[in-house]
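Q: Below you'll find final-v1.tsv; it's TSV, C-alpha atoms.
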```tsv
chain	number	residue	atom	x	y	z
B	1	MET	CA	89.63	90.14	81.52
B	2	MET	CA	87.14	92.78	82.70
B	3	ALA	CA	87.99	92.00	86.33
B	4	TRP	CA	91.67	92.55	85.61
B	5	ARG	CA	90.99	95.90	83.98
B	6	CYS	CA	88.81	97.07	86.85
B	7	ARG	CA	91.36	96.06	89.43
B	8	LEU	CA	94.10	97.89	87.56
B	9	LEU	CA	92.25	101.09	86.82
B	10	SER	CA	89.42	101.64	89.23
B	11	THR	CA	89.27	99.41	92.29
B	12	ASN	CA	92.46	99.97	94.25
B	13	PRO	CA	91.47	99.78	97.94
B	14	TYR	CA	92.90	101.96	100.66
B	15	ARG	CA	91.78	102.17	104.23
B	16	THR	CA	92.08	104.76	106.92
B	17	VAL	CA	92.04	103.41	110.44
B	18	SER	CA	89.99	104.80	113.29
B	19	LYS	CA	91.52	105.22	116.75
B	20	ASN	CA	90.07	101.85	117.72
B	21	ARG	CA	91.42	100.22	114.53
B	22	VAL	CA	87.98	99.01	113.50
B	23	PRO	CA	85.85	99.44	111.55
B	24	TRP	CA	88.12	100.04	108.56
B	25	ARG	CA	86.94	102.52	105.97
B	26	VAL	CA	87.89	101.54	102.44
B	27	THR	CA	87.99	104.21	99.73
B	28	TYR	CA	87.99	103.23	96.08
B	29	CYS	CA	89.14	105.84	93.58
B	30	THR	CA	88.91	105.90	89.83
B	31	ASN	CA	91.75	108.20	88.83
B	32	SER	CA	95.34	107.87	90.04
B	33	ALA	CA	96.73	110.55	87.71
B	34	ASP	CA	97.18	113.09	90.51
B	35	TRP	CA	98.05	110.75	93.36
B	36	PRO	CA	101.28	111.47	95.29
B	37	VAL	CA	104.19	109.30	94.19
B	38	VAL	CA	106.69	107.64	96.55
B	39	GLY	CA	109.91	105.99	95.39
B	40	LEU	CA	110.18	102.24	95.90
B	41	GLN	CA	113.24	102.50	98.14
B	42	GLU	CA	111.51	105.15	100.25
B	43	VAL	CA	108.44	102.95	100.79
B	44	GLU	CA	110.72	100.07	101.77
B	45	ARG	CA	112.67	102.32	104.16
B	46	PHE	CA	109.46	103.47	105.83
B	47	ILE	CA	108.15	99.93	106.33
B	48	VAL	CA	111.48	98.75	107.75
B	49	ASP	CA	111.61	101.74	110.13
B	50	CYS	CA	108.07	101.09	111.37
B	51	MET	CA	108.64	97.38	111.91
B	52	THR	CA	112.02	97.69	113.62
B	53	LYS	CA	110.57	100.39	115.87
B	54	VAL	CA	108.16	97.83	117.37
B	55	GLY	CA	110.85	95.19	117.84
B	56	THR	CA	111.13	93.39	114.50
B	57	ARG	CA	114.54	92.06	113.53
B	58	PRO	CA	115.97	94.16	110.67
B	59	ALA	CA	116.23	91.13	108.36
B	60	HIS	CA	112.62	90.18	109.10
B	61	ALA	CA	111.45	93.75	108.53
B	62	LYS	CA	113.29	93.72	105.21
B	63	SER	CA	111.52	90.51	104.12
B	64	LEU	CA	108.17	92.06	104.92
B	65	ALA	CA	109.01	95.37	103.25
B	66	ARG	CA	110.12	93.77	99.99
B	67	ASN	CA	106.86	91.81	99.86
B	68	LEU	CA	104.60	94.79	100.55
B	69	VAL	CA	106.44	97.06	98.12
B	70	ALA	CA	106.19	94.39	95.40
B	71	ALA	CA	102.44	94.19	96.00
B	72	ASP	CA	101.96	97.94	95.53
B	73	HIS	CA	104.41	98.04	92.61
B	74	ARG	CA	102.32	95.37	90.86
B	75	GLY	CA	99.02	97.13	91.62
B	76	HIS	CA	97.84	94.84	94.43
B	77	TYR	CA	97.31	97.77	96.79
B	78	SER	CA	95.14	95.82	99.22
B	79	HIS	CA	98.15	93.68	100.21
B	80	GLY	CA	100.88	96.32	100.29
B	81	LEU	CA	101.41	99.37	102.49
B	82	ASN	CA	97.67	99.13	103.15
B	83	ARG	CA	98.35	96.16	105.46
B	84	LEU	CA	101.29	97.63	107.37
B	85	ASP	CA	99.27	98.45	110.49
B	86	MET	CA	98.26	94.78	110.77
B	87	TYR	CA	101.88	93.62	110.88
B	88	VAL	CA	102.86	96.42	113.29
B	89	HIS	CA	100.00	95.39	115.55
B	90	ASP	CA	100.94	91.70	115.43
B	91	ILE	CA	104.54	92.34	116.48
B	92	SER	CA	103.83	95.09	119.02
B	93	THR	CA	101.22	92.95	120.81
B	94	GLY	CA	103.28	89.76	120.68
B	95	ILE	CA	100.66	87.83	118.70
B	96	ALA	CA	103.49	87.22	116.18
B	97	VAL	CA	107.19	87.11	117.06
B	98	SER	CA	110.57	88.10	115.63
B	99	ASP	CA	113.00	86.50	118.08
B	100	CYS	CA	113.99	83.35	116.17
B	101	GLU	CA	114.16	81.82	112.69
B	102	PRO	CA	112.07	79.18	110.85
B	103	LYS	CA	113.12	75.60	111.56
B	104	ILE	CA	113.18	72.48	109.39
B	105	VAL	CA	111.19	69.79	111.20
B	106	SER	CA	111.80	66.97	108.72
B	107	GLU	CA	113.49	66.74	105.34
B	108	ARG	CA	114.14	64.48	102.37
B	109	ALA	CA	115.86	65.06	99.04
B	110	ALA	CA	112.91	66.86	97.43
B	111	THR	CA	110.69	67.76	100.41
B	112	ALA	CA	110.78	69.56	103.73
B	113	HIS	CA	108.42	70.36	106.58
B	114	VAL	CA	109.03	73.77	108.17
B	115	ASP	CA	107.96	75.19	111.52
B	116	GLY	CA	107.44	78.92	111.06
B	117	CYS	CA	107.66	79.46	114.82
B	118	ASN	CA	104.88	82.11	114.63
B	119	LEU	CA	107.14	84.51	112.72
B	120	LEU	CA	105.91	87.03	110.16
B	121	GLY	CA	104.49	85.26	107.11
B	122	PRO	CA	107.00	86.74	104.62
B	123	VAL	CA	109.89	85.50	106.78
B	124	VAL	CA	108.46	81.98	106.74
B	125	GLY	CA	107.59	82.23	103.05
B	126	ASP	CA	111.00	83.47	101.93
B	127	PHE	CA	112.75	80.74	103.93
B	128	SER	CA	110.45	78.01	102.61
B	129	MET	CA	110.58	79.05	98.95
B	130	ALA	CA	114.37	79.38	99.06
B	131	LEU	CA	114.50	75.84	100.39
B	132	ALA	CA	112.12	74.59	97.68
B	133	ILE	CA	114.26	76.27	94.98
B	134	GLN	CA	117.42	74.72	96.41
B	135	LYS	CA	115.86	71.26	96.30
B	136	ALA	CA	114.46	71.77	92.79
B	137	LYS	CA	117.90	72.64	91.47
B	138	ALA	CA	119.32	69.48	93.04
B	139	ALA	CA	116.47	67.00	92.57
B	140	GLY	CA	114.34	68.58	89.84
B	141	ILE	CA	111.51	69.38	92.24
B	142	GLY	CA	111.18	70.82	95.71
B	143	LEU	CA	108.05	70.89	97.87
B	144	VAL	CA	108.01	72.57	101.26
B	145	SER	CA	105.06	72.77	103.64
B	146	ALA	CA	105.06	75.23	106.53
B	147	ARG	CA	103.01	75.48	109.70
B	148	ASN	CA	102.83	78.10	112.45
B	149	SER	CA	102.95	80.93	109.92
B	150	ASN	CA	101.09	84.21	109.58
B	151	HIS	CA	99.64	86.34	106.77
B	152	TYR	CA	102.29	86.19	104.05
B	153	GLY	CA	101.28	88.97	101.65
B	154	ILE	CA	100.73	88.26	97.97
B	155	ALA	CA	101.08	84.61	96.96
B	156	GLY	CA	102.76	85.63	93.72
B	157	TRP	CA	105.79	87.02	95.56
B	158	TYR	CA	107.00	83.50	96.34
B	159	ALA	CA	106.05	81.89	93.03
B	160	MET	CA	107.99	84.61	91.19
B	161	GLN	CA	111.12	83.87	93.22
B	162	ALA	CA	111.22	80.51	91.46
B	163	SER	CA	110.36	81.78	87.97
B	164	GLN	CA	113.10	84.40	88.19
B	165	GLN	CA	115.55	81.51	88.43
B	166	GLY	CA	114.09	79.62	85.47
B	167	LEU	CA	111.87	77.36	87.56
B	168	LEU	CA	108.12	76.96	87.85
B	169	GLY	CA	106.92	78.29	91.18
B	170	LEU	CA	103.72	77.51	93.07
B	171	SER	CA	102.66	79.15	96.31
B	172	MET	CA	99.46	78.86	98.34
B	173	THR	CA	98.15	79.57	101.84
B	174	ASN	CA	95.04	78.92	103.87
B	175	THR	CA	93.30	81.86	105.54
B	176	SER	CA	90.57	82.68	108.06
B	177	PRO	CA	87.17	81.08	107.30
B	178	LEU	CA	85.11	83.46	105.17
B	179	SER	CA	83.89	81.24	102.34
B	180	VAL	CA	80.71	79.14	102.48
B	181	PRO	CA	80.99	75.75	100.74
B	182	THR	CA	78.48	74.95	98.01
B	183	ARG	CA	75.10	73.89	99.55
B	184	ALA	CA	76.22	74.97	103.06
B	185	GLN	CA	75.14	77.77	105.39
B	186	LYS	CA	78.29	78.76	107.30
B	187	PRO	CA	81.82	79.84	106.34
B	188	VAL	CA	84.32	77.03	106.75
B	189	LEU	CA	87.14	77.81	104.29
B	190	GLY	CA	89.24	80.87	103.60
B	191	THR	CA	89.78	82.85	100.44
B	192	ASN	CA	92.75	80.45	100.11
B	193	PRO	CA	94.84	82.17	97.41
B	194	LEU	CA	97.25	80.38	95.11
B	195	SER	CA	99.84	81.51	92.59
B	196	LEU	CA	101.67	79.86	89.71
B	197	ALA	CA	104.59	81.60	88.01
B	198	ALA	CA	106.10	80.07	84.86
B	199	PRO	CA	109.17	81.45	83.02
B	200	ALA	CA	108.63	82.48	79.41
B	201	LYS	CA	111.27	85.08	78.62
B	202	PRO	CA	112.90	87.84	80.70
B	203	GLY	CA	110.26	90.26	81.95
B	204	ASP	CA	107.38	88.28	80.52
B	205	ASP	CA	106.66	85.39	82.85
B	206	PHE	CA	103.17	83.97	83.34
B	207	VAL	CA	102.06	84.91	86.87
B	208	LEU	CA	98.67	83.74	88.07
B	209	ASP	CA	97.79	85.11	91.52
B	210	MET	CA	94.20	84.52	92.59
B	211	ALA	CA	91.85	83.81	95.46
B	212	THR	CA	89.30	81.00	95.39
B	213	THR	CA	86.31	83.21	96.23
B	214	THR	CA	84.45	85.33	93.67
B	215	ALA	CA	84.97	88.60	95.56
B	216	ALA	CA	86.90	89.91	98.53
B	217	LEU	CA	85.16	90.80	101.79
B	218	GLY	CA	86.33	94.41	101.44
B	219	LYS	CA	84.31	94.86	98.25
B	220	ILE	CA	81.17	93.68	100.01
B	221	GLU	CA	81.85	96.03	102.93
B	222	LEU	CA	82.22	98.91	100.48
B	223	HIS	CA	78.84	98.16	98.89
B	224	ASP	CA	77.30	98.08	102.35
B	225	ARG	CA	78.66	101.52	103.21
B	226	LYS	CA	77.38	102.89	99.92
B	227	GLY	CA	73.99	101.26	100.45
B	228	ILE	CA	74.06	99.52	97.07
B	229	PRO	CA	73.41	95.83	96.25
B	230	ILE	CA	76.21	93.42	95.44
B	231	PRO	CA	76.30	91.41	92.19
B	232	ASN	CA	75.22	87.81	91.96
B	233	SER	CA	77.80	85.20	93.00
B	234	TRP	CA	79.49	87.35	95.66
B	235	GLY	CA	77.87	86.21	98.89
B	236	VAL	CA	75.18	84.31	100.77
B	237	ASP	CA	72.98	85.10	103.79
B	238	SER	CA	72.93	83.22	107.09
B	239	LYS	CA	70.84	80.44	105.53
B	240	GLY	CA	73.30	79.88	102.70
B	241	LYS	CA	71.09	81.49	100.05
B	242	GLU	CA	72.65	83.76	97.45
B	243	SER	CA	71.99	87.37	98.39
B	244	ASN	CA	72.42	90.79	96.81
B	245	ASP	CA	72.19	92.50	100.21
B	246	PRO	CA	75.70	93.16	101.53
B	247	LYS	CA	74.41	93.39	105.13
B	248	GLU	CA	73.09	89.85	104.96
B	249	VAL	CA	76.48	88.62	103.79
B	250	ILE	CA	78.42	90.51	106.47
B	251	ASP	CA	76.01	89.74	109.33
B	252	GLY	CA	76.00	85.95	109.55
B	253	GLY	CA	76.52	85.05	105.90
B	254	GLY	CA	79.73	84.57	103.95
B	255	LEU	CA	81.57	84.73	100.65
B	256	MET	CA	80.71	82.50	97.74
B	257	PRO	CA	83.34	80.28	96.11
B	258	LEU	CA	84.76	81.32	92.77
B	259	GLY	CA	81.98	80.74	90.22
B	260	GLY	CA	79.12	81.59	92.57
B	261	SER	CA	76.23	79.16	92.91
B	262	GLU	CA	76.25	75.48	92.09
B	263	MET	CA	74.36	76.24	88.89
B	264	THR	CA	77.16	78.52	87.64
B	265	GLY	CA	80.04	76.28	88.71
B	266	GLY	CA	80.72	77.50	92.24
B	267	TYR	CA	81.49	73.95	93.30
B	268	LYS	CA	84.70	74.29	91.29
B	269	GLY	CA	85.82	77.25	93.40
B	270	TYR	CA	84.84	75.26	96.47
B	271	GLY	CA	87.00	72.42	95.22
B	272	LEU	CA	89.94	74.75	94.60
B	273	ALA	CA	89.64	76.13	98.14
B	274	MET	CA	89.68	72.57	99.47
B	275	LEU	CA	92.74	71.81	97.34
B	276	VAL	CA	94.60	74.71	98.95
B	277	GLU	CA	93.40	73.66	102.41
B	278	ILE	CA	94.67	70.12	101.89
B	279	MET	CA	98.07	71.26	100.61
B	280	CYS	CA	98.44	73.85	103.38
B	281	GLY	CA	96.52	73.20	106.58
B	282	ILE	CA	96.23	69.42	106.37
B	283	LEU	CA	99.63	68.56	104.88
B	284	ALA	CA	101.52	70.95	107.15
B	285	ASP	CA	99.59	70.04	110.34
B	286	ALA	CA	98.59	73.68	110.79
B	287	ASP	CA	95.14	74.96	111.75
B	288	TYR	CA	92.64	74.34	108.96
B	289	GLY	CA	89.10	75.24	107.93
B	290	PRO	CA	86.94	76.49	110.80
B	291	ASN	CA	89.78	75.90	113.30
B	292	ILE	CA	91.64	78.94	112.01
B	293	ARG	CA	91.02	82.13	113.97
B	294	LYS	CA	88.49	84.53	112.50
B	295	TRP	CA	89.68	87.39	110.31
B	296	ARG	CA	90.92	90.38	112.35
B	297	ASN	CA	90.74	88.31	115.55
B	298	THR	CA	94.10	88.55	117.28
B	299	ASP	CA	93.30	86.91	120.60
B	300	ARG	CA	95.30	83.82	119.54
B	301	ILE	CA	98.01	83.00	117.06
B	302	ALA	CA	97.08	82.33	113.43
B	303	ASN	CA	99.01	79.06	112.86
B	304	LEU	CA	98.43	79.26	109.11
B	305	GLY	CA	99.61	76.51	106.78
B	306	GLN	CA	101.42	77.27	103.54
B	307	CYS	CA	102.84	75.31	100.63
B	308	PHE	CA	105.71	76.17	98.29
B	309	LEU	CA	106.68	74.22	95.18
B	310	ALA	CA	109.54	74.72	92.72
B	311	ILE	CA	110.00	72.65	89.57
B	312	ASP	CA	112.97	72.61	87.20
B	313	PRO	CA	111.42	72.33	83.72
B	314	GLU	CA	114.75	71.11	82.34
B	315	SER	CA	114.15	67.89	84.31
B	316	PHE	CA	111.52	67.15	81.67
B	317	ALA	CA	111.65	68.32	78.05
B	318	PRO	CA	113.99	71.11	76.90
B	319	GLY	CA	112.59	74.38	75.55
B	320	PHE	CA	109.91	75.03	78.20
B	321	SER	CA	110.29	78.81	78.19
B	322	ASP	CA	110.07	78.95	74.38
B	323	ARG	CA	106.81	76.99	74.39
B	324	MET	CA	105.50	79.13	77.26
B	325	ALA	CA	106.29	82.32	75.34
B	326	ASP	CA	104.60	80.90	72.23
B	327	LEU	CA	101.39	80.08	74.13
B	328	MET	CA	101.26	83.52	75.70
B	329	HIS	CA	101.84	85.16	72.31
B	330	THR	CA	99.08	83.01	70.81
B	331	CYS	CA	96.58	84.14	73.44
B	332	ARG	CA	97.51	87.81	73.14
B	333	SER	CA	97.27	87.66	69.34
B	334	LEU	CA	93.68	86.38	69.31
B	335	PRO	CA	90.98	88.57	67.74
B	336	THR	CA	89.26	90.52	70.50
B	337	ALA	CA	85.62	90.31	71.41
B	338	GLU	CA	83.46	93.27	70.47
B	339	GLY	CA	84.26	96.25	72.68
B	340	GLU	CA	87.59	94.87	73.90
B	341	ASP	CA	90.98	96.28	72.95
B	342	SER	CA	93.31	93.42	73.85
B	343	VAL	CA	93.53	89.84	75.12
B	344	LEU	CA	95.61	89.51	78.27
B	345	VAL	CA	97.31	86.67	80.09
B	346	ALA	CA	97.93	86.44	83.83
B	347	GLY	CA	100.62	88.93	84.80
B	348	ASP	CA	99.85	91.50	82.10
B	349	PRO	CA	97.87	93.93	84.30
B	350	GLU	CA	100.68	93.84	86.86
B	351	ARG	CA	103.25	94.59	84.16
B	352	GLN	CA	101.15	97.54	83.04
B	353	HIS	CA	101.12	98.89	86.57
B	354	ILE	CA	104.88	98.44	86.91
B	355	GLN	CA	105.32	100.42	83.70
B	356	LEU	CA	103.07	103.14	85.15
B	357	CYS	CA	105.27	103.28	88.24
B	358	GLU	CA	108.39	103.53	86.07
B	359	ARG	CA	106.91	106.46	84.17
B	360	LYS	CA	106.02	108.25	87.39
B	361	GLY	CA	109.29	107.47	89.14
B	362	GLY	CA	107.68	105.53	91.98
B	363	ILE	CA	104.41	104.12	93.31
B	364	PRO	CA	101.33	106.38	93.17
B	365	TYR	CA	99.37	106.29	96.43
B	366	HIS	CA	95.94	107.63	97.20
B	367	PRO	CA	96.13	110.70	99.52
B	368	ASN	CA	94.32	108.69	102.21
B	369	GLN	CA	97.21	106.21	102.19
B	370	ILE	CA	99.78	109.00	102.48
B	371	GLN	CA	97.84	110.41	105.43
B	372	PHE	CA	97.69	106.96	107.00
B	373	GLY	CA	101.46	106.68	106.67
B	374	GLU	CA	101.99	110.11	108.23
B	375	GLU	CA	99.78	109.19	111.19
B	376	MET	CA	101.66	105.94	111.71
B	377	ALA	CA	105.02	107.70	111.43
B	378	LYS	CA	103.97	110.18	114.11
B	379	LYS	CA	102.63	107.43	116.36
B	380	LEU	CA	105.78	105.33	116.09
B	381	GLY	CA	108.27	108.20	116.01
B	382	VAL	CA	109.78	107.46	112.59
B	383	ALA	CA	110.39	109.67	109.58
B	384	PRO	CA	107.34	109.82	107.30
B	385	MET	CA	107.57	108.92	103.62
B	386	THR	CA	108.71	111.66	101.30
B	387	THR	CA	107.08	111.96	97.90
B	388	VAL	CA	108.88	112.26	94.58
```
Could you express the structure from this file as structure tokens?

A:
Amino acid sequence: MMAWRCRLLSTNPYRTVSKNRVPWRVTYCTNSADWPVVGLQEVERFIVDCMTKVGTRPAHAKSLARNLVAADHRGHYSHGLNRLDMYVHDISTGIAVSDCEPKIVSERAATAHVDGCNLLGPVVGDFSMALAIQKAKAAGIGLVSARNSNHYGIAGWYAMQASQQGLLGLSMTNTSPLSVPTRAQKPVLGTNPLSLAAPAKPGDDFVLDMATTTAALGKIELHDRKGIPIPNSWGVDSKGKESNDPKEVIDGGGLMPLGGSEMTGGYKGYGLAMLVEIMCGILADADYGPNIRKWRNTDRIANLGQCFLAIDPESFAPGFSDRMADLMHTCRSLPTAEGEDSVLVAGDPERQHIQLCERKGGIPYHPNQIQFGEEMAKKLGVAPMTTV
């Protein structure tokens, strides 16, 4: 629960980009009370304008914009407007395309294999999850694997598309190799996020959205810039030994699986990362493990694999949402540990951030992010975002 609270209140990452795009400078701020606020529709408009300016189809730009706005609206700032320059770069350089649509390679009553045709990840993801939902409504379950995709934003975006229609939704993707398997020396697997969304009652679904590493690379880079050690379980050096020195992790080391060392259960995070890799890279016949291009390397296409699952709970026992709501209520009603004020379930911190946005009339952004948007607007020749 502490990690959720920190992410919500004090560790929202923003980057400003140098003229050469790298290195990225990430600024973490502790107080968003005075941040400029931008309306949701205005953020979406800005993203669409930027993407169409570099040749993205309007419908594709809309898919991306809805995903990025949802990320910021839910408090996942690292995967929202913060990533816009990456998508602009991918389209403008031709490393990703926007001149076609995803294609169904093979299909059965409850399954499908999709070729993403190197389109933007959200375009592939929206197409694939819509197909999984369609099959779940007809057959009770729908599973779609996709290859030739790109970074698809927050995993929860797709899982929630199913839960909003009364279905269970599961979404996962493989990513560039950053994580070192238990007992190994070199990164082989990605952060490999996964998300499960389960309907409870309107506005109160269970939404788990998590990576399979203990910490993100950006947090380790931040500690390096500040010259402070990283906590245990975050990373290893080039010999695979747990290290508190961020430089050793960045220069030849890698991220540790969720749980940290073998002694503290890191092999479970390693296993979860493998699970995602099997369901995404292996099942979809996409690139997998060390075959995926390195993070921030755009000299070749990503060819990521992704998996989307929708399940109709009414195909099993009736009353799923009532039981789900009861379980969530039970957890929230538990006596708190000393020093804690509440027990949360997955999705609660995001709901709190959405409520914050509603009170403010839009999404609060760090001034660095507003400046980043203004610089991009000037560079691309589009209207900058206006604040509330």

Q: Could you jot down the CA of Ala383 (chain B) to CA of Phe46 (chain B) separation for me, Å, one decimal place?

A: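 CA of Ala383 (chain B) sits 7.3 Å away from CA of Phe46 (chain B).
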
Q: Using all atoms listed in the file, what does the table of region 19-83 of chain B residues within 12 Å of region 127-137 of chain B look like, with each row giving the shortest atom pair and its distance in Å to one decimal, sorted by chain and ascending number, as JSON lines?

A:
```
{"residue": "B:Ala59", "atom": "CA", "partner": "B:Phe127", "partner_atom": "CA", "distance": 11.8}
{"residue": "B:His60", "atom": "CA", "partner": "B:Phe127", "partner_atom": "CA", "distance": 10.8}
{"residue": "B:Ser63", "atom": "CA", "partner": "B:Phe127", "partner_atom": "CA", "distance": 9.8}
```

Q: Using all atoms listed in the file for the distances, tell me which of B:Ile301, B:Ile363, B:Leu217, B:Val88 is nearest to Ala286 (chain B).

A: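 When distances to Ala286 (chain B) are compared using all atoms listed in the file, the smallest one comes from B:Ile301.
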
Q: What does the distance from CA of Leu167 (chain B) to CA of Ala65 (chain B) come to in Å, to one decimal?

A: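 Separation between CA of Leu167 (chain B) and CA of Ala65 (chain B): 24.1 Å.
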
Q: Fewer than 6 positions away in the same chain doesn't count, so skip those; otherwise give me all residues within 12 Å of Gln164 (chain B), counting all atoms listed in the file, as a ChimeraX atom specification.

A: /B:133,156-158,197-207,310,312,321

Q: Go ahead and compute the interatomic distance for CA of Lys268 (chain B) and CA of Gly339 (chain B), in Å to one decimal.

A: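 Between CA of Lys268 (chain B) and CA of Gly339 (chain B) the gap is 28.8 Å.
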